[in-house]
Every structure is written in structure tokens, then in C-alpha cells.
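Q: This is run.csv (CSV, C-alpha atoms).
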```csv
chain,number,residue,atom,x,y,z
A,1,MET,CA,-1.1,20.4,-13.4
A,2,PRO,CA,1.5,20.1,-16.1
A,3,LYS,CA,0.3,19.3,-19.7
A,4,THR,CA,3.3,17.1,-20.4
A,5,ARG,CA,4.3,14.1,-18.2
A,6,SER,CA,6.5,15.5,-15.4
A,7,LYS,CA,9.2,13.4,-13.7
A,8,ASN,CA,8.5,15.4,-10.4
A,9,HIS,CA,5.9,13.8,-8.2
A,10,ALA,CA,5.2,17.2,-6.5
A,11,ASP,CA,3.6,18.3,-9.8
A,12,TYR,CA,0.8,15.8,-9.3
A,13,ILE,CA,0.2,16.0,-5.5
A,14,VAL,CA,-2.9,18.0,-4.5
A,15,PRO,CA,-4.7,18.5,-1.1
A,16,LEU,CA,-7.3,16.0,0.0
A,17,ASN,CA,-10.0,16.6,2.5
A,18,MET,CA,-12.1,13.5,3.3
A,19,ASN,CA,-14.5,13.1,6.1
A,20,GLY,CA,-13.0,16.0,8.0
A,21,LEU,CA,-9.4,14.7,7.6
A,22,GLU,CA,-6.8,16.6,5.7
A,23,GLY,CA,-4.2,14.7,3.6
A,24,ARG,CA,-2.9,14.6,0.1
A,25,MET,CA,-3.7,12.8,-3.1
A,26,LEU,CA,-1.6,11.9,-6.2
A,27,LYS,CA,-3.5,12.7,-9.3
A,28,MET,CA,-1.9,12.0,-12.7
A,29,PRO,CA,-3.9,12.5,-15.9
A,30,ALA,CA,-3.9,9.8,-18.5
A,31,PRO,CA,-1.2,10.0,-21.2
A,32,ASP,CA,-2.1,11.8,-24.4
A,33,THR,CA,-2.9,8.6,-26.4
A,34,LYS,CA,-6.1,7.1,-27.7
A,35,GLN,CA,-5.4,3.8,-25.9
A,36,ALA,CA,-5.1,5.5,-22.4
A,37,ALA,CA,-7.9,8.0,-22.8
A,38,GLY,CA,-10.7,7.5,-20.3
A,39,ARG,CA,-8.9,4.8,-18.4
A,40,GLU,CA,-8.8,5.1,-14.6
A,41,VAL,CA,-6.4,3.4,-12.1
A,42,LEU,CA,-6.8,3.7,-8.4
A,43,PHE,CA,-3.6,2.9,-6.5
A,44,VAL,CA,-3.9,2.1,-2.8
A,45,TYR,CA,-0.5,2.1,-1.1
A,46,GLY,CA,0.6,-0.1,1.8
A,47,HIS,CA,1.7,0.2,5.4
A,48,HIS,CA,4.5,2.6,6.4
A,49,SER,CA,4.1,4.6,3.3
A,50,THR,CA,3.9,8.0,1.6
A,51,LEU,CA,2.9,9.0,-1.9
A,52,GLU,CA,6.6,9.8,-2.6
A,53,ARG,CA,7.7,6.3,-1.5
A,54,TRP,CA,5.6,4.7,-4.3
A,55,TRP,CA,6.2,7.3,-7.0
A,56,GLY,CA,7.9,4.8,-9.3
A,57,VAL,CA,4.8,2.4,-9.2
A,58,ALA,CA,2.5,5.4,-10.0
A,59,GLN,CA,4.7,6.3,-13.0
A,60,VAL,CA,4.4,2.7,-14.3
A,61,LEU,CA,0.6,2.6,-13.8
A,62,ASN,CA,0.3,6.0,-15.5
A,63,ARG,CA,1.4,4.4,-18.8
A,64,TYR,CA,-2.0,2.8,-18.9
A,65,GLY,CA,-4.4,5.6,-17.8
A,66,ALA,CA,-5.1,8.3,-15.3
A,67,VAL,CA,-3.7,7.4,-11.8
A,68,THR,CA,-5.2,8.5,-8.5
A,69,ALA,CA,-3.6,7.6,-5.1
A,70,PRO,CA,-5.2,9.0,-1.9
A,71,ASP,CA,-3.5,9.1,1.4
A,72,LEU,CA,-5.0,6.7,4.0
A,73,PRO,CA,-6.0,8.2,7.4
A,74,GLY,CA,-2.9,8.1,9.6
A,75,PHE,CA,-0.5,7.4,6.7
A,76,GLY,CA,1.6,9.6,4.5
A,77,GLY,CA,1.1,12.6,6.8
A,78,MET,CA,-2.7,12.5,6.6
A,79,GLU,CA,-4.6,13.1,9.9
A,80,SER,CA,-5.6,9.9,11.6
A,81,PHE,CA,-9.1,8.6,12.5
A,82,TYR,CA,-8.3,9.3,16.1
A,83,ARG,CA,-8.6,13.0,15.4
A,84,ILE,CA,-12.4,12.5,14.7
A,85,GLY,CA,-13.0,10.0,17.5
A,86,LYS,CA,-12.7,6.8,15.4
A,87,LYS,CA,-10.2,4.0,15.5
A,88,PRO,CA,-8.2,3.0,12.4
A,89,THR,CA,-10.0,-0.3,11.9
A,90,LEU,CA,-9.9,-2.2,8.7
A,91,ASP,CA,-13.7,-1.6,8.4
A,92,ASN,CA,-13.2,2.2,8.8
A,93,MET,CA,-10.4,2.2,6.2
A,94,ALA,CA,-12.7,0.3,3.9
A,95,ASP,CA,-15.5,2.8,4.4
A,96,TYR,CA,-13.1,5.6,3.7
A,97,LEU,CA,-12.0,4.0,0.5
A,98,ALA,CA,-15.5,3.3,-0.6
A,99,ALA,CA,-16.5,7.0,0.0
A,100,PHE,CA,-13.5,8.1,-2.0
A,101,ILE,CA,-14.4,5.9,-5.0
A,102,LYS,CA,-18.0,7.1,-4.9
A,103,LEU,CA,-16.9,10.8,-4.9
A,104,ARG,CA,-14.0,10.5,-7.2
A,105,TYR,CA,-15.3,8.1,-9.9
A,106,ARG,CA,-19.1,8.4,-9.7
A,107,ARG,CA,-20.1,6.8,-13.1
A,108,LYS,CA,-16.6,5.9,-14.2
A,109,LYS,CA,-15.1,2.4,-14.1
A,110,LEU,CA,-11.7,1.8,-12.7
A,111,ALA,CA,-8.9,-0.7,-12.1
A,112,ILE,CA,-7.8,-1.1,-8.5
A,113,VAL,CA,-4.2,-1.8,-7.6
A,114,GLY,CA,-3.6,-2.5,-3.9
A,115,LEU,CA,-0.2,-2.9,-2.4
A,116,SER,CA,0.3,-5.1,0.7
A,117,TYR,CA,-1.9,-3.5,3.4
A,118,GLY,CA,-3.6,-1.4,0.7
A,119,PHE,CA,-4.8,-4.6,-0.9
A,120,ILE,CA,-6.5,-5.9,2.2
A,121,VAL,CA,-8.3,-2.5,2.6
A,122,ALA,CA,-9.5,-2.8,-1.0
A,123,THR,CA,-10.6,-6.4,-0.4
A,124,ARG,CA,-12.6,-5.5,2.7
A,125,MET,CA,-14.2,-2.6,0.9
A,126,LEU,CA,-15.4,-4.9,-1.9
A,127,GLN,CA,-16.7,-7.3,0.7
A,128,LYS,CA,-18.7,-4.5,2.5
A,129,TYR,CA,-19.8,-2.8,-0.7
A,130,PRO,CA,-20.4,-5.5,-3.3
A,131,GLU,CA,-22.1,-3.1,-5.6
A,132,LEU,CA,-18.7,-1.5,-6.3
A,133,THR,CA,-17.5,-4.7,-8.0
A,134,LYS,CA,-19.5,-3.6,-11.0
A,135,LYS,CA,-17.2,-0.6,-11.4
A,136,VAL,CA,-14.0,-2.6,-11.2
A,137,THR,CA,-12.4,-3.6,-14.6
A,138,LEU,CA,-9.3,-5.2,-13.0
A,139,LEU,CA,-8.2,-5.9,-9.5
A,140,VAL,CA,-4.5,-6.3,-8.8
A,141,SER,CA,-2.7,-7.4,-5.6
A,142,LEU,CA,0.9,-6.3,-5.4
A,143,VAL,CA,2.4,-8.4,-2.6
A,144,GLY,CA,-1.0,-8.5,-1.0
A,145,PHE,CA,-2.3,-11.0,1.6
A,146,ALA,CA,-5.6,-12.2,3.1
A,147,HIS,CA,-5.0,-14.1,6.3
A,148,ARG,CA,-2.9,-14.0,9.4
A,149,ASP,CA,-1.5,-17.5,8.5
A,150,ASP,CA,0.1,-15.9,5.4
A,151,PHE,CA,2.9,-14.5,7.6
A,152,THR,CA,6.1,-16.4,7.8
A,153,PHE,CA,7.2,-15.0,11.2
A,154,THR,CA,8.4,-17.4,13.9
A,155,LYS,CA,6.0,-17.6,16.9
A,156,PRO,CA,8.3,-15.5,19.2
A,157,ARG,CA,8.6,-12.8,16.5
A,158,TYR,CA,4.8,-12.9,15.7
A,159,TYR,CA,3.8,-12.4,19.3
A,160,ALA,CA,6.5,-9.7,19.8
A,161,TYR,CA,5.0,-7.8,16.9
A,162,ARG,CA,1.5,-8.4,17.9
A,163,TYR,CA,1.7,-7.3,21.6
A,164,GLY,CA,4.3,-4.6,20.9
A,165,SER,CA,2.0,-3.0,18.3
A,166,TYR,CA,-0.9,-3.3,20.7
A,167,LEU,CA,1.0,-1.3,23.3
A,168,LEU,CA,1.5,1.5,20.8
A,169,THR,CA,-2.3,2.0,20.4
A,170,TYR,CA,-2.2,3.7,23.7
A,171,ARG,CA,-1.5,7.5,23.6
A,172,PRO,CA,1.3,7.6,26.3
A,173,ALA,CA,3.2,4.7,24.8
A,174,ALA,CA,2.8,6.0,21.3
A,175,ALA,CA,4.1,9.5,22.3
A,176,LEU,CA,7.1,8.0,24.1
A,177,PHE,CA,7.9,5.8,21.2
A,178,TYR,CA,7.6,8.7,18.7
A,179,HIS,CA,9.9,11.0,20.8
A,180,VAL,CA,12.4,8.4,21.8
A,181,ALA,CA,12.6,5.4,19.4
A,182,LEU,CA,11.6,7.5,16.4
A,183,ASN,CA,13.9,10.4,17.2
A,184,PRO,CA,15.8,11.1,13.9
A,185,TRP,CA,19.2,10.5,15.6
A,186,VAL,CA,18.1,7.2,17.1
A,187,LEU,CA,16.7,6.0,13.8
A,188,ARG,CA,19.9,6.9,12.0
A,189,SER,CA,22.0,5.2,14.6
A,190,PHE,CA,20.1,2.0,15.3
A,191,TYR,CA,17.2,1.3,12.8
A,192,GLY,CA,19.5,-0.3,10.2
A,193,ARG,CA,20.4,-3.0,12.8
A,194,THR,CA,16.8,-4.2,13.2
A,195,HIS,CA,15.5,-7.4,11.6
A,196,ASN,CA,13.2,-5.9,9.0
A,197,ALA,CA,15.5,-3.0,8.1
A,198,LYS,CA,18.3,-5.4,7.2
A,199,HIS,CA,16.2,-6.6,4.3
A,200,LYS,CA,15.6,-3.1,3.1
A,201,TYR,CA,19.2,-2.1,3.4
A,202,SER,CA,20.3,-5.3,1.6
A,203,LEU,CA,18.8,-3.8,-1.6
A,204,ALA,CA,21.4,-1.0,-1.6
A,205,GLU,CA,24.5,-1.4,-3.7
A,206,THR,CA,26.6,1.5,-2.4
A,207,ALA,CA,27.2,3.4,0.8
A,208,GLU,CA,25.5,6.4,-0.8
A,209,GLU,CA,22.3,4.4,-1.4
A,210,ILE,CA,22.4,3.1,2.2
A,211,ALA,CA,22.5,6.8,3.4
A,212,GLN,CA,19.6,7.7,1.0
A,213,ILE,CA,17.5,4.7,2.2
A,214,GLN,CA,18.2,5.8,5.8
A,215,GLU,CA,16.9,9.3,5.2
A,216,VAL,CA,13.8,8.1,3.5
A,217,GLU,CA,13.1,5.7,6.3
A,218,VAL,CA,13.5,8.5,8.9
A,219,GLY,CA,10.8,10.4,7.0
A,220,LEU,CA,8.5,7.5,6.7
A,221,TRP,CA,8.6,6.7,10.4
A,222,ARG,CA,8.1,10.4,11.3
A,223,ASP,CA,5.3,11.0,8.8
A,224,ASN,CA,3.1,8.1,9.8
A,225,ASP,CA,0.9,8.2,12.9
A,226,VAL,CA,2.3,5.9,15.5
A,227,ARG,CA,-1.1,4.9,17.0
A,228,THR,CA,-2.4,4.1,13.6
A,229,TRP,CA,0.7,2.1,12.8
A,230,GLY,CA,0.3,0.1,16.0
A,231,PHE,CA,-3.5,-0.5,15.6
A,232,THR,CA,-3.3,-1.6,12.0
A,233,THR,CA,-0.3,-3.8,12.6
A,234,ASN,CA,-2.1,-5.5,15.5
A,235,GLU,CA,-5.2,-5.9,13.4
A,236,PHE,CA,-3.7,-7.4,10.3
A,237,LEU,CA,-1.6,-9.8,12.4
A,238,GLN,CA,-5.0,-11.3,13.4
A,239,LEU,CA,-6.6,-10.9,10.0
A,240,ASP,CA,-9.1,-13.3,8.4
A,241,ASN,CA,-10.4,-11.7,5.2
A,242,CYS,CA,-11.7,-15.1,3.9
A,243,LYS,CA,-15.2,-14.9,5.3
A,244,VAL,CA,-16.9,-13.1,2.5
A,245,ARG,CA,-16.7,-13.9,-1.2
A,246,VAL,CA,-16.0,-11.2,-3.8
A,247,ASN,CA,-17.4,-11.5,-7.2
A,248,LEU,CA,-14.3,-10.6,-9.1
A,249,PRO,CA,-11.1,-12.3,-10.3
A,250,VAL,CA,-7.8,-11.1,-8.9
A,251,TRP,CA,-4.3,-10.7,-10.3
A,252,HIS,CA,-1.7,-11.4,-7.6
A,253,ILE,CA,2.0,-10.4,-7.9
A,254,GLY,CA,4.2,-12.0,-5.2
A,255,ALA,CA,7.8,-11.5,-4.3
A,256,LYS,CA,9.9,-14.7,-4.9
A,257,ASN,CA,11.8,-14.2,-1.7
A,258,ASP,CA,9.2,-12.4,0.4
A,259,HIS,CA,10.4,-12.2,4.0
A,260,PHE,CA,6.9,-11.6,5.2
A,261,PHE,CA,4.5,-13.9,3.4
A,262,ASP,CA,4.2,-17.5,2.2
A,263,ASN,CA,3.1,-17.2,-1.4
A,264,ARG,CA,1.6,-20.6,-1.4
A,265,LEU,CA,-0.8,-19.8,1.5
A,266,VAL,CA,-1.6,-16.4,0.1
A,267,GLU,CA,-2.8,-18.1,-3.1
A,268,GLN,CA,-4.9,-20.5,-1.2
A,269,HIS,CA,-6.6,-17.7,0.7
A,270,LEU,CA,-7.1,-15.5,-2.4
A,271,ARG,CA,-8.7,-18.4,-4.2
A,272,VAL,CA,-11.2,-18.7,-1.3
A,273,ILE,CA,-12.2,-15.0,-1.6
A,274,PHE,CA,-12.2,-14.3,-5.3
A,275,THR,CA,-14.0,-15.9,-8.3
A,276,GLY,CA,-10.8,-16.1,-10.3
A,277,PHE,CA,-7.0,-16.1,-9.7
A,278,GLU,CA,-4.0,-15.4,-11.8
A,279,SER,CA,-0.5,-14.8,-10.5
A,280,ALA,CA,3.2,-14.2,-11.2
A,281,THR,CA,6.2,-13.5,-9.0
A,282,PHE,CA,9.1,-11.1,-9.3
A,283,ASP,CA,12.7,-11.8,-8.2
A,284,MET,CA,13.6,-9.7,-5.2
A,285,LYS,CA,15.3,-10.2,-1.9
A,286,ALA,CA,12.6,-8.5,0.1
A,287,HIS,CA,8.8,-7.9,0.4
A,288,ALA,CA,8.9,-4.9,-2.0
A,289,PRO,CA,11.3,-2.8,-4.1
A,290,SER,CA,13.7,-0.4,-2.4
A,291,VAL,CA,12.3,2.9,-1.1
A,292,LEU,CA,14.6,4.4,-3.7
A,293,ALA,CA,13.0,2.5,-6.6
A,294,ASP,CA,12.4,4.6,-9.7
A,295,GLU,CA,10.0,3.9,-12.6
A,296,LYS,CA,12.4,1.4,-14.2
A,297,GLU,CA,12.9,-0.7,-11.0
A,298,ALA,CA,9.2,-0.5,-10.1
A,299,ALA,CA,8.3,-1.9,-13.5
A,300,ALA,CA,9.7,-5.3,-12.3
A,301,LEU,CA,6.4,-5.6,-10.3
A,302,PHE,CA,4.4,-5.9,-13.5
A,303,PRO,CA,5.0,-9.0,-15.6
A,304,ALA,CA,4.3,-9.0,-19.3
A,305,LYS,CA,1.0,-10.8,-19.0
A,306,LEU,CA,-0.3,-8.3,-16.4
A,307,ARG,CA,0.9,-5.4,-18.6
A,308,ARG,CA,-1.2,-6.8,-21.4
A,309,HIS,CA,-4.2,-6.8,-19.1
A,310,LEU,CA,-3.6,-3.2,-18.1
A,311,ALA,CA,-3.2,-2.2,-21.8
A,312,LYS,CA,-6.7,-3.6,-22.4
A,313,LEU,CA,-8.5,-1.6,-19.7
A,314,THR,CA,-11.9,-0.2,-20.6
```
Produce C-alpha cells that represent the structure in this file.
A:
Amino acid sequence: MPKTRSKNHADYIVPLNMNGLEGRMLKMPAPDTKQAAGREVLFVYGHHSTLERWWGVAQVLNRYGAVTAPDLPGFGGMESFYRIGKKPTLDNMADYLAAFIKLRYRRKKLAIVGLSYGFIVATRMLQKYPELTKKVTLLVSLVGFAHRDDFTFTKPRYYAYRYGSYLLTYRPAAALFYHVALNPWVLRSFYGRTHNAKHKYSLAETAEEIAQIQEVEVGLWRDNDVRTWGFTTNEFLQLDNCKVRVNLPVWHIGAKNDHFFDNRLVEQHLRVIFTGFESATFDMKAHAPSVLADEKEAAALFPAKLRRHLAKLT
């Protein structure tokens, strides 16, 4: 591990073996300042992700303390729950995250920053393990959600995603999808024309950036387990995380022009779950920053008021 802050994510990625599953973990030490010493931030990334994809966010969080980001089973190249005879349910993801916190932090307190799907995993974990709320100094939702009604999809699109993702939970369908639809040539030729990809590509300003986004997207689709993607997509499209109260306030950051979620409904549902609620929005044309976003661009996710909270972490 380098003593000075490196700009290369590979310098901070280490192997992770959890519950018999092999993956990776991003582990960044706290900056060499009195303010950041002893502070811990756990970053839980979202759906369709890798550690590299969210390197810019990790760099921003590292300004305020040590940052740890584990792979989730089936994402980022980590082996899936299917390998050990389990399904990638939200409850199993929550159990995995709780076990990670108990092993990694023990007597330490931490801030939890969950992004999109990562936030619902963190929420379910705190609902299942309420004793862990005592360890949490700050809980942040980056474009997170809580309920199926938060989605803005039309009914035809919603049901197409729901039943299409359900089909991919079956091994033969997943294998066919991986080798045909997710063939690198097919992805490079057709993925940019799909509904969701158009939002991602709209963030590019040059042909070179479009080509770079294309290559990152090929890697993301190839690195994430298809059956896990299908199961988790189908599950969160039927999500209701509002049944159990969490004894913590939450800081929610929403995208002003989010093409996935209705921020008004997200707020209503988060107020049902958590004991306190603060929010801000960032101006962006899509659900999240570009897959090419560096530290400077990722900093837009953190408004001044939230940065002050992060600076006061204990």
C-alpha cells in the first residue's frame, strides 16, 4: 500500500475472501491529517458496477477518512452466491454486508455511503441488524431508493424489465444471454442504441469519450454475473423496504433529472424508514455520473452541507 495518496486505483485493490467467495476490496488509508485520522467510511456500490467504475467517488470520500469498498457477490467480478448454493436475495446481500462490517470494523464506528442498489442493501442490513446502527456515525444515500413505486418506468417498460430479468435467473437463459447479447462485438454494435444506454452516452462530449464509455460498458456487462443481475433486478423491481423502521437519520442525494426515480416518492419512503431526513440534488442528465467520471466530476455528488457533515465524522 503506498504511503502517499496514489491516483491509481490498482494501488488500493486487495483480494477479498468472504463466506467462501473470492472477490476484491478497495482499501484506502485515511489522509495523513489530524482531522481524518481514525475516521472510517464504508462505500457500498450499486448495480452493474465494479470498484474501478466508482473510483472517483472513492477518491472524494477519502478526503474525509479511510475508505473501504467491498465487492458484492456476483458484482465486480466477485463469485456469486449461486456458487455456494444460495440465491442473491436482498436478505443474503444484507447478511453478507453485516458480516463484512463485523469482521472489518469490530469496535470501530463508521459512516456508510450506499449508492443506488448498494443503499437498499445497507438499509436492509440495518433493518435486520439494528444493533449495528450504534456503529454508524452517518448514513448517506447516493441516488438510493426504497420502494418499487419510486421507479418512473412506464408500465410496459416496467413489466418488460421485470419479466425479462426473471428469465435471466435461469442458467440456460443466462448463459445464452452472456454468450450472445453480451458478446463484446454485439455490445459495441448495438448497446448504445438501447433506452438506458442513450442516457449514459448523452454524458459524453466527444467521439473519443463515447468510445471510452463503450469499452467500460463492455467490461461492466462481462464482469457482472448475469444470473445475479437478473435476480437482483427482478427483486428490486418488487421492492418494499418500508416495513421496518431504522433508528438513524439519512442524508439523501438525488439526481435532478434522474431517469429512474421520482425524487418526491423516494423522499416520502425514506421518511417512513428513517428517524430523520436531509436531502440535496445534483444537476445531471442521468441517474448517476458518467462511467468515466473522475474525482472532480464525482465531487458534484456531494453538496457543501454534506461535505461539512463528512468533515465532522467521529
Q: Counting only C-alpha atoms, which of A:Met18, A:Ala293, A:Leu126, A:Ala298 gets nearest to Ala99 of chain A?
A: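 Closest candidate: A:Met18.
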Q: Using all atoms listed in the file, which residues sit within 7 Å of Phe282 of chain A once same-chain residues fewer than 2 positions away are excluded, as a list of chain:residue names?
A: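 The filter keeps A:Gly254, A:Ala255, A:Lys256, A:Ala280, A:Met284, A:Ala300, A:Leu301.
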Q: To one decimal in Å, tell me the separation between atom CA of Ala37 of chain A and atom CA of Ala111 of chain A.
A: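 Pair atom CA of Ala37 of chain A / atom CA of Ala111 of chain A returns 13.8 Å.
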Q: Excluding Trp251 of chain A and residues on its chain fewer than 3 positions from it, collect all residues at most 12 Å away from it, counting all atoms listed in the file, and give them as a PyMOL selection string.
A: chain A and resi 111-115+119+137-144+248+254+267+270-271+274-281+301-303+305-307+309-310
Q: Which of these, A:Leu313, A:Val44, A:Val57, A:Leu21, has the shortest distance to Glu295 of chain A once you count all atoms listed in the file?
A: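 Going through A:Leu313, A:Val44, A:Val57, A:Leu21 one by one, the smallest distance to Glu295 of chain A is for A:Val57.
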Q: So which residues fall inside 12 Å of (-5.3, -23.3, 2.6) if we count only C-alpha atoms? Mind giving them as an MDAnalysis selection string?
A: chainID A and resid 146:150 242 262:273
Q: Name all residues at most 12 Å from Phe231 of chain A (count all atoms listed in the file; drop same-chain ones fewer than 5 positions away) and give them as a list in words.
A: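 Selected residues are His47, Gly74, Ser80, Phe81, Tyr82, Lys86, Lys87, Pro88, Thr89, Leu90, Met93, Tyr161, Arg162, Tyr163, Gly164, Ser165, Tyr166, Leu167, Leu168, Thr169, Tyr170, Arg171, Ala174, Asp225, Val226, Phe236, Leu237 and Gln238 of chain A.
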